[in-house]
file upload-v3.csv (CSV, C-alpha atoms)
chain,number,residue,atom,x,y,z
D,573,MET,CA,118.3,94.8,86.8
D,574,THR,CA,115.9,95.4,89.7
D,575,TRP,CA,112.8,94.1,91.3
D,576,TRP,CA,110.0,95.0,93.7
D,577,ALA,CA,107.1,93.4,95.4
D,578,ASP,CA,103.4,94.2,94.7
D,579,TYR,CA,100.6,93.2,97.2
D,580,ASN,CA,96.9,92.9,96.4
D,581,ILE,CA,94.3,92.8,99.0
D,582,ILE,CA,90.6,92.1,98.7
D,583,TYR,CA,88.9,93.6,101.7
D,584,ASP,CA,85.6,92.1,103.1
D,585,GLU,CA,83.6,94.2,105.5
D,586,SER,CA,80.6,91.9,105.6
D,587,GLN,CA,82.0,89.8,108.4
D,588,ASP,CA,83.6,92.5,110.6
D,589,CYS,CA,87.0,92.9,109.0
D,590,SER,CA,88.8,90.3,106.9
D,591,MET,CA,90.9,90.2,103.8
D,592,ASP,CA,92.6,88.0,101.2
D,593,LEU,CA,96.2,88.8,100.2
D,594,SER,CA,98.2,87.9,97.2
D,595,ALA,CA,101.8,88.9,96.4
D,596,TRP,CA,103.8,89.2,93.2
D,597,VAL,CA,107.3,90.3,92.4
D,598,SER,CA,108.2,92.3,89.3
D,599,ILE,CA,111.6,91.8,87.8
D,600,ILE,CA,112.9,94.4,85.4
D,601,ASN,CA,115.8,93.4,83.1
D,602,GLN,CA,117.6,96.4,81.6
D,603,SER,CA,121.1,94.8,81.7
D,604,GLY,CA,121.5,94.6,77.9
D,605,ALA,CA,121.4,90.8,77.9
D,606,SER,CA,118.7,88.1,78.0
D,607,TYR,CA,118.9,85.2,80.5
D,608,ASP,CA,117.3,82.0,79.4
D,609,ASN,CA,116.4,79.2,81.8
D,610,ALA,CA,117.9,81.3,84.7
D,611,LYS,CA,118.0,80.4,88.3
D,612,LEU,CA,116.4,83.4,90.1
D,613,LYS,CA,117.3,84.6,93.6
D,614,LEU,CA,116.0,87.8,95.2
D,615,ILE,CA,117.6,89.6,98.2
D,616,ALA,CA,115.2,91.7,100.3
D,617,GLY,CA,116.5,94.2,102.8
D,618,ASP,CA,118.1,97.6,103.1
D,619,VAL,CA,121.2,96.8,101.2
D,620,ASN,CA,123.7,99.6,101.0
D,621,ARG,CA,125.0,100.3,97.4
D,622,ALA,CA,127.5,102.8,96.1
D,623,GLU,CA,126.0,105.4,93.8
D,624,THR,CA,126.3,104.7,90.1
D,625,HIS,CA,125.3,106.5,86.9
D,626,ARG,CA,121.6,106.9,86.3
D,627,PRO,CA,119.9,104.2,84.3
D,628,ARG,CA,118.7,104.9,80.8
D,629,ARG,CA,115.2,106.4,80.6
D,630,ASP,CA,114.4,105.6,77.0
D,631,VAL,CA,113.9,101.8,77.4
D,632,MET,CA,110.5,100.6,76.4
D,633,TYR,CA,109.3,97.8,78.8
D,634,LYS,CA,107.5,94.8,77.4
D,635,MET,CA,105.5,92.8,79.9
D,636,ALA,CA,106.4,89.1,79.9
D,637,ALA,CA,103.7,86.6,80.3
D,638,MET,CA,103.2,85.4,83.8
D,639,GLU,CA,104.0,81.7,84.4
D,640,GLU,CA,101.7,79.5,86.4
D,641,ASP,CA,103.7,76.9,88.2
D,642,SER,CA,103.5,75.2,91.6
D,643,ALA,CA,107.3,75.7,92.2
D,644,GLY,CA,107.2,79.2,93.9
D,645,PHE,CA,109.7,81.1,96.0
D,646,VAL,CA,111.5,79.6,99.0
D,647,GLU,CA,112.5,82.1,101.7
D,648,GLN,CA,115.5,81.9,104.0
D,649,SER,CA,117.5,84.2,106.2
D,650,PHE,CA,120.7,85.5,104.6
D,651,PHE,CA,123.2,87.7,106.4
D,652,GLU,CA,120.9,90.5,107.9
D,653,TYR,CA,118.5,90.2,104.9
D,654,HIS,CA,116.2,87.6,103.4
D,655,LEU,CA,116.8,85.5,100.3
D,656,TYR,CA,113.9,84.3,98.1
D,657,THR,CA,114.8,81.6,95.6
D,658,LEU,CA,112.5,80.6,92.8
D,659,GLY,CA,112.0,76.8,92.8
D,660,ARG,CA,112.0,76.6,89.0
D,661,ARG,CA,114.1,78.2,86.3
D,662,THR,CA,112.7,81.1,84.2
D,663,ASP,CA,113.5,83.3,81.3
D,664,LEU,CA,114.4,87.0,81.7
D,665,PRO,CA,114.5,88.7,78.3
D,666,ASP,CA,116.3,91.9,77.8
D,667,ASN,CA,114.2,95.1,78.2
D,668,SER,CA,111.4,93.2,79.8
D,669,THR,CA,109.3,93.1,83.0
D,670,ARG,CA,108.3,89.7,84.4
D,671,GLN,CA,105.8,89.1,87.1
D,672,ILE,CA,106.0,86.0,89.3
D,673,GLN,CA,103.9,85.0,92.3
D,674,LEU,CA,105.8,85.6,95.5
D,675,LEU,CA,103.7,83.5,97.9
D,676,PRO,CA,100.5,81.5,97.9
D,677,ALA,CA,97.4,83.6,98.4
D,678,ALA,CA,96.4,84.0,102.1
D,679,THR,CA,92.7,84.0,102.8
D,680,ASP,CA,90.5,85.1,105.7
D,681,ILE,CA,93.1,87.3,107.3
D,682,GLN,CA,91.5,89.0,110.3
D,683,CYS,CA,92.1,92.7,110.4
D,684,GLU,CA,91.1,95.9,112.2
D,685,LYS,CA,89.8,99.1,110.7
D,686,GLU,CA,91.0,102.1,112.6
D,687,LEU,CA,89.8,105.7,112.4
D,688,VAL,CA,92.4,108.2,113.7
D,689,PHE,CA,92.0,112.0,114.3
D,690,ALA,CA,95.5,113.4,114.7
D,691,PRO,CA,95.5,117.1,113.8
D,692,THR,CA,98.7,117.9,115.7
D,693,MET,CA,101.1,115.4,114.0
D,694,ASP,CA,102.8,118.2,112.2
D,695,MET,CA,103.4,120.0,115.6
D,696,PRO,CA,105.8,117.9,117.5
D,697,TYR,CA,107.8,119.0,120.6
D,698,LEU,CA,110.9,120.7,119.2
D,699,GLY,CA,113.0,120.8,122.4
D,700,TYR,CA,112.3,124.4,123.5
D,701,GLN,CA,109.5,126.3,125.2
D,702,GLN,CA,106.6,127.4,123.0
D,703,TYR,CA,104.7,130.4,124.5
D,704,ASP,CA,102.8,131.6,121.4
D,705,GLN,CA,99.1,131.3,122.2
D,706,ASP,CA,98.1,131.0,118.5
D,707,TYR,CA,100.5,128.1,117.8
D,708,GLY,CA,98.2,125.1,117.5
D,709,ARG,CA,95.2,127.1,118.5
D,710,TYR,CA,93.0,125.4,115.9
D,711,GLY,CA,93.5,121.9,114.5
D,712,ASN,CA,90.7,120.9,112.2
D,713,GLY,CA,91.6,118.0,110.0
D,714,ASP,CA,90.6,114.9,108.3
D,715,ILE,CA,90.0,111.6,110.1
D,716,ASN,CA,92.4,109.0,108.7
D,717,VAL,CA,91.5,105.4,108.0
D,718,TYR,CA,93.9,102.5,108.5
D,719,LEU,CA,93.8,98.8,108.1
D,720,ARG,CA,95.9,96.7,110.5
D,721,PHE,CA,96.7,93.0,110.5
D,722,LYS,CA,99.3,90.6,112.0
D,723,ASN,CA,101.9,88.9,109.8
D,724,ASP,CA,101.8,85.5,111.6
D,725,SER,CA,101.2,81.9,110.9
D,726,ALA,CA,97.7,82.1,112.4
D,727,GLN,CA,96.8,84.4,109.5
D,728,ASN,CA,98.3,81.9,106.9
D,729,LEU,CA,101.2,84.3,106.7
D,730,GLY,CA,104.2,84.4,109.1
D,731,ILE,CA,106.9,85.0,106.5
D,732,PRO,CA,109.2,88.0,106.0
D,733,LEU,CA,107.4,90.4,103.6
D,734,PRO,CA,109.7,92.4,101.2
D,735,ALA,CA,108.9,96.1,100.8
D,736,GLY,CA,106.5,97.0,98.1
D,737,ARG,CA,103.3,98.7,97.1
D,738,ILE,CA,100.1,97.3,98.6
D,739,ARG,CA,96.8,98.0,96.9
D,740,VAL,CA,93.4,97.3,98.5
D,741,ASN,CA,90.1,96.5,96.7
D,742,GLN,CA,86.6,95.8,98.0
D,743,ALA,CA,83.8,93.9,96.2
D,744,ASP,CA,80.7,95.9,95.4
D,745,PRO,CA,77.8,93.8,96.9
D,746,VAL,CA,75.5,95.0,94.1
D,747,ASP,CA,77.4,93.4,91.1
D,748,GLY,CA,80.5,91.8,92.7
D,749,SER,CA,83.0,94.0,90.9
D,750,LEU,CA,86.2,94.9,92.7
D,751,GLU,CA,86.6,98.6,93.5
D,752,PHE,CA,89.8,100.3,94.4
D,753,ILE,CA,89.7,101.8,97.9
D,754,GLY,CA,93.3,102.7,98.8
D,755,GLU,CA,97.0,101.9,98.6
D,756,ASP,CA,100.1,102.4,100.6
D,757,VAL,CA,103.8,101.4,100.6
D,758,LEU,CA,104.8,98.5,102.8
D,759,ASP,CA,108.2,98.5,104.4
D,760,HIS,CA,110.2,95.4,104.9
D,761,THR,CA,108.1,93.5,107.5
D,762,PRO,CA,109.5,90.6,109.6
D,763,LYS,CA,107.2,87.7,110.6
D,764,ASN,CA,105.0,88.2,113.6
D,765,GLU,CA,105.0,92.0,113.2
D,766,GLU,CA,101.9,94.1,112.5
D,767,VAL,CA,101.2,95.6,109.1
D,768,LEU,CA,99.5,99.1,109.1
D,769,ILE,CA,98.0,100.3,105.8
D,770,GLU,CA,97.1,104.0,105.4
D,771,MET,CA,93.9,103.9,103.3
D,772,GLY,CA,92.8,107.6,103.0
D,773,ASN,CA,90.3,109.8,104.9
D,774,ALA,CA,86.9,109.1,106.2
D,775,PHE,CA,84.0,110.8,104.3
D,776,ASP,CA,81.2,110.7,107.0
D,777,VAL,CA,83.2,111.2,110.2
D,778,VAL,CA,84.7,114.7,110.8
D,779,GLY,CA,86.8,116.2,113.6
D,780,GLU,CA,87.2,119.7,115.0
D,781,ARG,CA,89.7,120.9,117.5
D,782,LYS,CA,90.0,124.3,119.2
D,783,GLN,CA,91.7,126.0,122.1
D,784,THR,CA,89.3,127.2,124.8
D,785,ASP,CA,91.6,128.5,127.5
D,786,PHE,CA,95.3,129.6,127.7
D,787,ARG,CA,97.2,130.9,130.7
D,788,VAL,CA,100.9,131.5,131.1
D,789,ASP,CA,102.8,132.7,134.2
D,790,ARG,CA,106.5,133.1,133.3
D,791,ALA,CA,107.4,134.3,136.8
D,792,SER,CA,106.4,130.9,138.3
D,793,ARG,CA,107.2,129.0,135.0
D,794,ASN,CA,103.7,127.5,134.5
D,795,LEU,CA,101.4,127.3,131.5
D,796,TRP,CA,97.9,125.9,131.2
D,797,GLU,CA,96.1,125.1,128.0
D,798,THR,CA,92.6,123.7,127.4
D,799,PHE,CA,91.3,122.1,124.2
D,800,GLU,CA,87.9,121.0,123.0
D,801,ILE,CA,87.7,118.2,120.4
D,802,ARG,CA,84.4,117.5,118.6
D,803,LEU,CA,83.9,114.3,116.6
D,804,ARG,CA,80.8,114.1,114.5
D,805,ASN,CA,79.6,110.8,113.0
D,806,HIS,CA,77.2,111.0,110.0
D,807,LYS,CA,77.0,107.3,109.5
D,808,ASP,CA,74.0,105.2,110.5
D,809,GLU,CA,76.2,103.1,112.8
D,810,GLU,CA,78.5,103.8,115.8
D,811,VAL,CA,82.2,104.3,115.1
D,812,SER,CA,85.3,104.4,117.3
D,813,VAL,CA,87.9,107.1,116.8
D,814,ALA,CA,91.4,107.2,118.2
D,815,VAL,CA,92.4,110.8,119.0
D,816,LEU,CA,96.2,111.5,119.1
D,817,GLU,CA,97.3,114.8,120.7
D,818,ASN,CA,100.9,116.0,120.6
D,819,LEU,CA,101.9,118.0,123.7
D,820,TYR,CA,104.2,120.3,121.8
D,821,ARG,CA,104.9,123.3,124.1
D,822,MET,CA,107.3,121.9,126.7
D,823,ALA,CA,109.0,118.7,127.9
D,824,ASN,CA,107.4,118.7,131.4
D,825,TRP,CA,103.6,118.3,131.3
D,826,GLU,CA,100.7,116.7,133.1
D,827,ILE,CA,97.0,116.3,132.2
D,828,GLU,CA,95.3,118.3,134.9
D,829,SER,CA,91.7,117.3,133.9
D,830,ALA,CA,90.0,115.3,131.1
D,831,ASN,CA,86.4,114.2,130.6
D,832,LEU,CA,87.6,110.9,128.9
D,833,ASP,CA,90.2,108.3,129.8
D,834,TRP,CA,93.5,108.8,128.1
D,835,SER,CA,96.8,106.9,127.7
D,836,LYS,CA,100.3,107.9,127.1
D,837,ASP,CA,101.7,107.0,123.6
D,838,ASN,CA,105.1,108.4,124.2
D,839,SER,CA,106.9,111.2,126.1
D,840,ASN,CA,104.9,114.0,124.4
D,841,ARG,CA,101.8,112.3,123.0
D,842,ILE,CA,98.5,111.2,124.5
D,843,ARG,CA,95.7,109.1,123.1
D,844,PHE,CA,91.9,109.1,123.6
D,845,GLU,CA,89.6,106.3,122.4
D,846,ALA,CA,86.2,107.8,121.7
D,847,ASP,CA,83.0,106.1,120.7
D,848,VAL,CA,80.7,108.2,118.5
D,849,ASP,CA,77.0,107.3,118.2
D,850,ALA,CA,75.3,107.0,114.8
D,851,GLU,CA,74.4,110.5,113.6
D,852,GLY,CA,75.9,111.7,116.9
D,853,GLU,CA,78.7,113.8,118.4
D,854,THR,CA,81.3,113.2,121.0
D,855,VAL,CA,83.1,116.0,122.8
D,856,ILE,CA,86.5,115.6,124.4
D,857,ARG,CA,87.8,118.3,126.8
D,858,TYR,CA,91.2,118.3,128.5
D,859,THR,CA,93.6,120.7,130.2
D,860,VAL,CA,97.3,120.2,130.1
D,861,HIS,CA,99.6,121.9,132.7
D,862,TYR,CA,103.2,122.6,131.5
D,863,SER,CA,106.1,123.7,133.8
D,864,TRP,CA,109.7,124.5,133.2
call {"tool": "encode", "arguments": {"input": "upload-v3.csv", "output": "structure tokens"}}
result
Amino acid sequence: MTWWADYNIIYDESQDCSMDLSAWVSIINQSGASYDNAKLKLIAGDVNRAETHRPRRDVMYKMAAMEEDSAGFVEQSFFEYHLYTLGRRTDLPDNSTRQIQLLPAATDIQCEKELVFAPTMDMPYLGYQQYDQDYGRYGNGDINVYLRFKNDSAQNLGIPLPAGRIRVNQADPVDGSLEFIGEDVLDHTPKNEEVLIEMGNAFDVVGERKQTDFRVDRASRNLWETFEIRLRNHKDEEVSVAVLENLYRMANWEIESANLDWSKDNSNRIRFEADVDAEGETVIRYTVHYSW
């Protein structure tokens, strides 16, 4: 017997960025027995379990009808996990999947849409000097799209959210039909923490990154590298793009020059926040100085 959570979001871009969220749990019973009028409790958390034999793969699931009832789940802390107890009894037939609403739908959740250009995420600092000029010389890539919101009471949430798949739909303003625009997997998320949903890649905003200068002096143990990053926006409105750059060559570095303000994300990553005009282009240039 197992269970998981499913989250459905309806995204609204007409008023900046807002969303409605509903959550369900799916309980699969392959135990070989049916449970009538059962009291249902679900444990959420990374619970360690000993490895057992693989479950049968030939079971045909039959979807049980969803029950509409006001007595939903009540959440409580339990050891280092969270326990969700259904406030009514339910039937769990053998070889069945039953869906039950996990929490009341939350409406008008304020969110942020983020565009991120991060072509060096697969080139982290590996703990040794990297002198190869061609390593990371070019870094064209997609611009990723994320949705971010806070799991707190101000957003009509503020309860621990079990891990599960989260799907996002948006209403078509022409006919009102819901269209699928992305999905991600949500990890166990405590209350008052942020939820970040990876949606996909931007269609009309592109990024290009190339090395424009490289100098290394092994005698004095210094290396300089300059990059040019071009962001092109083909939309009819301005967009903001976060540019993440891993400084992957050595542990000791400093930004010698940059034409845009930057911040330090961690010991080997910097961030630029760039605004790109409608049908425009923004160019970022920076030089990093490594020493060892």
call {"tool": "residues_around", "arguments": {"input": "upload-v3.csv", "residues": "Pro691 (chain D)", "least_positions_apart": "3", "cutoff": "10 Å", "atoms": "all atoms listed in the file", "output": "list in words"}}
result
Val688, Asp694, Met695, Gly708, Tyr710, Gly711, Asn712, Gly713, Asp714, Ile715, Gly779, Glu780, Arg781, Val815, Leu816, Glu817 and Asn818 of chain D
call {"tool": "residues_around", "arguments": {"input": "upload-v3.csv", "residues": "region 807-810 of chain D", "least_positions_apart": "5", "cutoff": "8 Å", "atoms": "only C-alpha atoms", "output": "number ranges by chain"}}
result
D: 776-777, 847-851
call {"tool": "write_last_selection", "arguments": {"input": "upload-v3.csv", "atoms": "C-alpha atoms", "output": "PDB file, in the coordinates of the input"}}
result
ATOM      1  CA  ASP D 776      81.200 110.700 107.000  1.00  0.00           C
ATOM      2  CA  VAL D 777      83.200 111.200 110.200  1.00  0.00           C
ATOM      3  CA  ASP D 847      83.000 106.100 120.700  1.00  0.00           C
ATOM      4  CA  VAL D 848      80.700 108.200 118.500  1.00  0.00           C
ATOM      5  CA  ASP D 849      77.000 107.300 118.200  1.00  0.00           C
ATOM      6  CA  ALA D 850      75.300 107.000 114.800  1.00  0.00           C
ATOM      7  CA  GLU D 851      74.400 110.500 113.600  1.00  0.00           C
TER       8      GLU D 851
END
call {"tool": "atom_distance", "arguments": {"input": "upload-v3.csv", "atom1": "CA of Asp592 (chain D)", "atom2": "CA of Lys611 (chain D)"}}
result
29.5 Å
call {"tool": "residues_around", "arguments": {"input": "upload-v3.csv", "residues": "Glu765 (chain D)", "least_positions_apart": "3", "cutoff": "10 Å", "atoms": "all atoms listed in the file", "output": "VMD selection string"}}
result
chain D and resid 721 to 724 730 to 732 761 to 762 768
call {"tool": "residues_around", "arguments": {"input": "upload-v3.csv", "residues": "region 653-668 of chain D", "least_positions_apart": "3", "cutoff": "6 Å", "atoms": "only C-alpha atoms", "output": "ChimeraX atom specification"}}
result
/D:600-602,604-617,633-635,643-650
call {"tool": "atom_distance", "arguments": {"input": "upload-v3.csv", "atom1": "CA of Ser812 (chain D)", "atom2": "CA of Glu853 (chain D)"}}
result
11.5 Å
call {"tool": "residues_near_point", "arguments": {"input": "upload-v3.csv", "point": "(97.9, 102.6, 103.8)", "cutoff": "10 Å", "atoms": "all atoms listed in the file", "output": "PyMOL selection string"}}
result
chain D and resi 716-720+737-740+754-758+767-772
call {"tool": "closest_residue", "arguments": {"input": "upload-v3.csv", "among": "D:Ala846, D:Val811, D:Leu750, D:Thr859", "to": "Phe799 (chain D)", "atoms": "only C-alpha atoms"}}
result
D:Thr859
call {"tool": "atom_distance", "arguments": {"input": "upload-v3.csv", "atom1": "CA of Ala735 (chain D)", "atom2": "CA of Asn620 (chain D)"}}
result
15.2 Å
call {"tool": "residues_around", "arguments": {"input": "upload-v3.csv", "residues": "Gln705 (chain D)", "least_positions_apart": "5", "cutoff": "12 Å", "atoms": "only C-alpha atoms", "output": "list in words"}}
result
Tyr710, Lys782, Gln783, Thr784, Asp785, Phe786, Arg787, Val788, Leu795, Trp796, Glu797, Thr798 and Arg821 of chain D
call {"tool": "closest_residue", "arguments": {"input": "upload-v3.csv", "among": "D:Tyr583, D:Trp576, D:Phe844, D:Trp825", "to": "Leu803 (chain D)", "atoms": "all atoms listed in the file"}}
result
D:Phe844
call {"tool": "closest_residue", "arguments": {"input": "upload-v3.csv", "among": "D:Asn741, D:Arg709, D:Tyr862, D:Pro696", "to": "Glu828 (chain D)", "atoms": "all atoms listed in the file"}}
result
D:Tyr862
call {"tool": "residues_near_point", "arguments": {"input": "upload-v3.csv", "point": "(97.8, 119.7, 135.6)", "cutoff": "6 Å", "atoms": "all atoms listed in the file", "output": "VMD selection string"}}
result
chain D and resid 826 to 828 860 to 861
call {"tool": "closest_residue", "arguments": {"input": "upload-v3.csv", "among": "D:Ala677, D:Ile582, D:Met591, D:Leu698", "to": "Ser749 (chain D)", "atoms": "all atoms listed in the file"}}
result
D:Ile582
call {"tool": "closest_residue", "arguments": {"input": "upload-v3.csv", "among": "D:Ala774, D:Ala823, D:Val855, D:Ala830", "to": "Gln701 (chain D)", "atoms": "only C-alpha atoms"}}
result
D:Ala823
call {"tool": "closest_residue", "arguments": {"input": "upload-v3.csv", "among": "D:Phe651, D:Pro676, D:Val813, D:Asn794", "to": "Val619 (chain D)", "atoms": "all atoms listed in the file"}}
result
D:Phe651
